[in-house]
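> Input file: final-v7.txt. Contents: compact mmCIF, N, CA and C atoms.
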```txt
# COMPACT_ATOMS: atom_id res chain seq x y z
N MET A 16 95.54 107.11 96.71
CA MET A 16 95.86 106.31 95.55
C MET A 16 96.42 104.97 95.98
N LEU A 17 96.10 103.98 95.24
CA LEU A 17 96.60 102.64 95.52
C LEU A 17 97.65 102.22 94.50
N ALA A 18 98.18 103.17 93.79
CA ALA A 18 99.11 102.87 92.70
C ALA A 18 100.49 102.48 93.23
N SER A 19 101.22 101.77 92.39
CA SER A 19 102.61 101.44 92.70
C SER A 19 103.44 101.56 91.43
N ASP A 20 104.73 101.52 91.60
CA ASP A 20 105.63 101.64 90.45
C ASP A 20 105.50 100.46 89.49
N GLY A 21 104.95 99.34 89.95
CA GLY A 21 104.82 98.16 89.10
C GLY A 21 103.64 98.19 88.16
N LEU A 22 102.77 99.16 88.28
CA LEU A 22 101.61 99.24 87.39
C LEU A 22 101.99 99.78 86.03
N PRO A 23 101.26 99.39 84.99
CA PRO A 23 101.49 100.01 83.68
C PRO A 23 101.25 101.51 83.77
N TYR A 24 102.03 102.28 83.06
CA TYR A 24 101.89 103.74 83.01
C TYR A 24 102.12 104.40 84.37
N SER A 25 103.03 103.86 85.15
CA SER A 25 103.35 104.42 86.45
C SER A 25 103.73 105.89 86.31
N GLY A 26 103.17 106.72 87.16
CA GLY A 26 103.41 108.16 87.10
C GLY A 26 102.49 108.89 86.15
N GLU A 27 101.76 108.14 85.31
CA GLU A 27 100.81 108.75 84.37
C GLU A 27 99.37 108.43 84.75
N GLU A 28 99.14 107.27 85.35
CA GLU A 28 97.80 106.86 85.78
C GLU A 28 97.91 106.26 87.18
N TYR A 29 96.83 106.40 87.94
CA TYR A 29 96.79 105.90 89.31
C TYR A 29 95.48 105.16 89.55
N ILE A 30 95.54 104.16 90.42
CA ILE A 30 94.34 103.51 90.89
C ILE A 30 93.95 104.22 92.19
N CYS A 31 92.72 104.70 92.24
CA CYS A 31 92.26 105.49 93.38
C CYS A 31 90.99 104.89 93.98
N VAL A 32 90.77 105.18 95.26
CA VAL A 32 89.51 104.85 95.92
C VAL A 32 88.86 106.15 96.37
N ALA A 33 87.55 106.09 96.60
CA ALA A 33 86.80 107.29 96.97
C ALA A 33 87.13 107.74 98.39
N LEU A 34 87.22 109.05 98.55
CA LEU A 34 87.33 109.69 99.86
C LEU A 34 86.00 110.38 100.13
N THR A 35 85.44 110.16 101.31
CA THR A 35 84.10 110.66 101.62
C THR A 35 84.02 111.08 103.08
N THR A 36 82.95 111.78 103.42
CA THR A 36 82.66 112.07 104.83
C THR A 36 81.52 111.19 105.33
N SER A 37 81.09 110.24 104.53
CA SER A 37 80.01 109.32 104.92
C SER A 37 80.55 108.19 105.78
N ASP A 38 79.92 108.00 106.92
CA ASP A 38 80.34 106.96 107.87
C ASP A 38 79.55 105.68 107.61
N LEU A 39 79.80 105.06 106.45
CA LEU A 39 79.15 103.79 106.13
C LEU A 39 79.92 102.65 106.78
N SER A 40 79.24 101.56 107.07
CA SER A 40 79.87 100.47 107.84
C SER A 40 81.09 99.87 107.16
N ALA A 41 81.13 99.83 105.84
CA ALA A 41 82.28 99.23 105.15
C ALA A 41 83.38 100.24 104.83
N ASN A 42 83.15 101.51 105.12
CA ASN A 42 84.19 102.52 104.90
C ASN A 42 85.28 102.39 105.93
N VAL A 43 86.46 102.88 105.60
CA VAL A 43 87.61 102.85 106.51
C VAL A 43 87.90 104.28 106.93
N GLU A 44 87.80 104.56 108.23
CA GLU A 44 88.07 105.91 108.72
C GLU A 44 89.56 106.23 108.60
N VAL A 45 89.86 107.41 108.08
CA VAL A 45 91.26 107.82 107.94
C VAL A 45 91.85 108.13 109.32
N GLY A 46 91.14 108.84 110.15
CA GLY A 46 91.59 109.12 111.53
C GLY A 46 92.97 109.71 111.60
N ASP A 47 93.85 109.06 112.36
CA ASP A 47 95.22 109.54 112.58
C ASP A 47 96.17 109.18 111.44
N ALA A 48 95.66 108.57 110.38
CA ALA A 48 96.52 108.17 109.26
C ALA A 48 96.85 109.33 108.32
N TRP A 49 96.26 110.51 108.55
CA TRP A 49 96.59 111.67 107.72
C TRP A 49 98.05 112.07 107.94
N ILE A 50 98.75 112.30 106.85
CA ILE A 50 100.08 112.93 106.91
C ILE A 50 99.91 114.42 106.69
N THR A 51 99.13 114.78 105.66
CA THR A 51 98.75 116.16 105.39
C THR A 51 97.30 116.18 104.94
N GLY A 52 96.60 117.27 105.17
CA GLY A 52 95.30 117.48 104.58
C GLY A 52 94.09 117.25 105.45
N GLN A 53 94.25 116.83 106.69
CA GLN A 53 93.10 116.53 107.53
C GLN A 53 92.25 117.79 107.75
N HIS A 54 90.94 117.66 107.58
CA HIS A 54 90.01 118.75 107.87
C HIS A 54 89.76 118.75 109.38
N PRO A 55 89.97 119.87 110.06
CA PRO A 55 89.86 119.87 111.52
C PRO A 55 88.45 119.62 112.06
N GLU A 56 87.41 119.82 111.25
CA GLU A 56 86.04 119.70 111.73
C GLU A 56 85.27 118.52 111.13
N LYS A 57 85.89 117.76 110.25
CA LYS A 57 85.20 116.64 109.60
C LYS A 57 86.04 115.38 109.66
N ARG A 58 85.35 114.24 109.74
CA ARG A 58 86.03 112.95 109.65
C ARG A 58 85.98 112.49 108.21
N SER A 59 87.05 111.86 107.78
CA SER A 59 87.13 111.35 106.41
C SER A 59 87.22 109.83 106.42
N TYR A 60 86.68 109.24 105.36
CA TYR A 60 86.64 107.79 105.21
C TYR A 60 86.98 107.43 103.77
N CYS A 61 87.55 106.26 103.57
CA CYS A 61 87.76 105.73 102.22
C CYS A 61 86.76 104.61 101.98
N SER A 62 86.27 104.57 100.76
CA SER A 62 85.34 103.52 100.34
C SER A 62 86.12 102.56 99.43
N PRO A 63 86.60 101.44 99.96
CA PRO A 63 87.46 100.56 99.18
C PRO A 63 86.78 99.82 98.04
N TRP A 64 85.48 99.94 97.92
CA TRP A 64 84.77 99.31 96.80
C TRP A 64 84.50 100.30 95.67
N VAL A 65 84.84 101.57 95.87
CA VAL A 65 84.67 102.60 94.84
C VAL A 65 86.06 102.88 94.26
N VAL A 66 86.39 102.19 93.18
CA VAL A 66 87.74 102.20 92.61
C VAL A 66 87.69 102.79 91.20
N ALA A 67 88.69 103.60 90.88
CA ALA A 67 88.76 104.20 89.54
C ALA A 67 90.22 104.39 89.15
N THR A 68 90.44 104.47 87.85
CA THR A 68 91.75 104.83 87.32
C THR A 68 91.70 106.31 86.95
N VAL A 69 92.67 107.06 87.43
CA VAL A 69 92.71 108.50 87.20
C VAL A 69 94.04 108.85 86.53
N LYS A 70 93.98 109.65 85.50
CA LYS A 70 95.19 110.10 84.81
C LYS A 70 95.82 111.24 85.60
N HIS A 71 97.15 111.30 85.57
CA HIS A 71 97.90 112.30 86.32
C HIS A 71 97.42 113.72 86.01
N ASP A 72 97.20 114.03 84.75
CA ASP A 72 96.80 115.38 84.36
C ASP A 72 95.39 115.75 84.83
N ASP A 73 94.60 114.77 85.27
CA ASP A 73 93.24 115.04 85.74
C ASP A 73 93.18 115.31 87.24
N ILE A 74 94.29 115.18 87.92
CA ILE A 74 94.31 115.40 89.37
C ILE A 74 94.44 116.90 89.63
N ALA A 75 93.44 117.44 90.33
CA ALA A 75 93.44 118.85 90.71
C ALA A 75 93.07 118.95 92.18
N ASN A 76 93.74 119.78 92.90
CA ASN A 76 93.45 120.00 94.32
C ASN A 76 93.49 118.73 95.16
N PRO A 77 94.64 118.05 95.20
CA PRO A 77 94.73 116.85 96.05
C PRO A 77 94.30 117.20 97.48
N GLN A 78 93.60 116.26 98.13
CA GLN A 78 93.05 116.54 99.44
C GLN A 78 93.98 116.19 100.58
N GLY A 79 95.10 115.56 100.29
CA GLY A 79 96.05 115.24 101.35
C GLY A 79 96.79 113.95 101.07
N ARG A 80 97.52 113.52 102.10
CA ARG A 80 98.29 112.27 102.02
C ARG A 80 98.02 111.46 103.27
N VAL A 81 98.04 110.14 103.10
CA VAL A 81 97.84 109.24 104.23
C VAL A 81 99.06 108.33 104.36
N THR A 82 99.16 107.65 105.48
CA THR A 82 100.29 106.78 105.74
C THR A 82 100.28 105.55 104.83
N ALA A 83 101.43 104.95 104.67
CA ALA A 83 101.54 103.72 103.88
C ALA A 83 100.75 102.59 104.54
N ALA A 84 100.72 102.56 105.86
CA ALA A 84 99.95 101.52 106.56
C ALA A 84 98.46 101.63 106.25
N PHE A 85 97.93 102.86 106.19
CA PHE A 85 96.53 103.05 105.85
C PHE A 85 96.27 102.61 104.41
N THR A 86 97.16 102.99 103.50
CA THR A 86 97.03 102.59 102.10
C THR A 86 97.03 101.07 101.99
N ASP A 87 97.90 100.41 102.73
CA ASP A 87 97.95 98.95 102.70
C ASP A 87 96.63 98.34 103.19
N ARG A 88 96.05 98.91 104.23
CA ARG A 88 94.78 98.39 104.73
C ARG A 88 93.67 98.56 103.71
N VAL A 89 93.58 99.75 103.11
CA VAL A 89 92.54 100.00 102.11
C VAL A 89 92.76 99.10 100.89
N ARG A 90 94.01 98.91 100.50
CA ARG A 90 94.32 98.02 99.37
C ARG A 90 93.83 96.61 99.67
N ALA A 91 94.08 96.11 100.87
CA ALA A 91 93.65 94.76 101.24
C ALA A 91 92.12 94.66 101.23
N ASP A 92 91.44 95.68 101.74
CA ASP A 92 89.98 95.68 101.72
C ASP A 92 89.46 95.71 100.28
N CYS A 93 90.11 96.49 99.44
CA CYS A 93 89.73 96.59 98.03
C CYS A 93 89.86 95.22 97.35
N ILE A 94 90.94 94.55 97.61
CA ILE A 94 91.16 93.22 97.02
C ILE A 94 90.06 92.26 97.46
N GLU A 95 89.66 92.33 98.73
CA GLU A 95 88.58 91.46 99.21
C GLU A 95 87.27 91.73 98.47
N PHE A 96 86.94 93.01 98.27
CA PHE A 96 85.71 93.34 97.55
C PHE A 96 85.75 92.86 96.11
N VAL A 97 86.88 93.02 95.46
CA VAL A 97 87.00 92.66 94.06
C VAL A 97 87.03 91.14 93.89
N SER A 98 87.64 90.43 94.82
CA SER A 98 87.80 88.99 94.66
C SER A 98 86.58 88.19 95.08
N ASP A 99 85.67 88.80 95.83
CA ASP A 99 84.46 88.07 96.26
C ASP A 99 83.49 87.84 95.14
```
Before we go any further, please render this structure as structure tokens.


Amino acid sequence: MLASDGLPYSGEEYICVALTTSDLSANVEVGDAWITGQHPEKRSYCSPWVVATVKHDDIANPQGRVTAAFTDRVRADCIEFVSD
């Protein structure tokens, strides 16, 4: 999630990017940025151009947590895609 406390409806809605196992050139590999949830046999990537708003009650089976530094990188990449 790319959400922060400054967004409208904080804690009720989140801005999210796609998590995938596809190694596309513009994807960002999660690698060692996992805090929890890493699959031992698969690599995970975020697609910073696939952005959605998700309501808190719609979140089921979270796949894990990543570091704040990784979130910051994906956020910066997302901003570049949106602003171009």

> Suppose you want the space between atom C of Ser37 of chain A and atom C of Pro77 of chain A; what is it in Å?

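Result for atom C of Ser37 of chain A versus atom C of Pro77 of chain A: 18.4 Å, one decimal.
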
> Name the residues in contact with segment 82-93 of chain A at a cut-off of 7 Å, using all atoms listed in the file, excluding same-chain residues fewer than 4 positions from it; report them as a list in words.

Met16, Leu17, Asp47, Ala48, Trp49, Ile50, Pro63, Trp64, Val97 and Ser98 of chain A

> Pick out the residues sitting within 8 Å of Val45 of chain A, and hand them over as a VMD selection string; count only N, CA and C atoms, and ignore anything fewer than 4 positions along from it in its own chain.

chain A and resid 49 58 to 61 81 85

> In Å to one decimal, how far is atom N of Glu56 of chain A from atom N of Tyr29 of chain A?

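It comes out at 28.5 Å.
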
> Tell me which of A:Ala75, A:Ile94, A:Ile30, A:Val65 sits closest to Asn42 of chain A, counting only C-alpha atoms.

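Closest residue, counting only C-alpha atoms: A:Val65.
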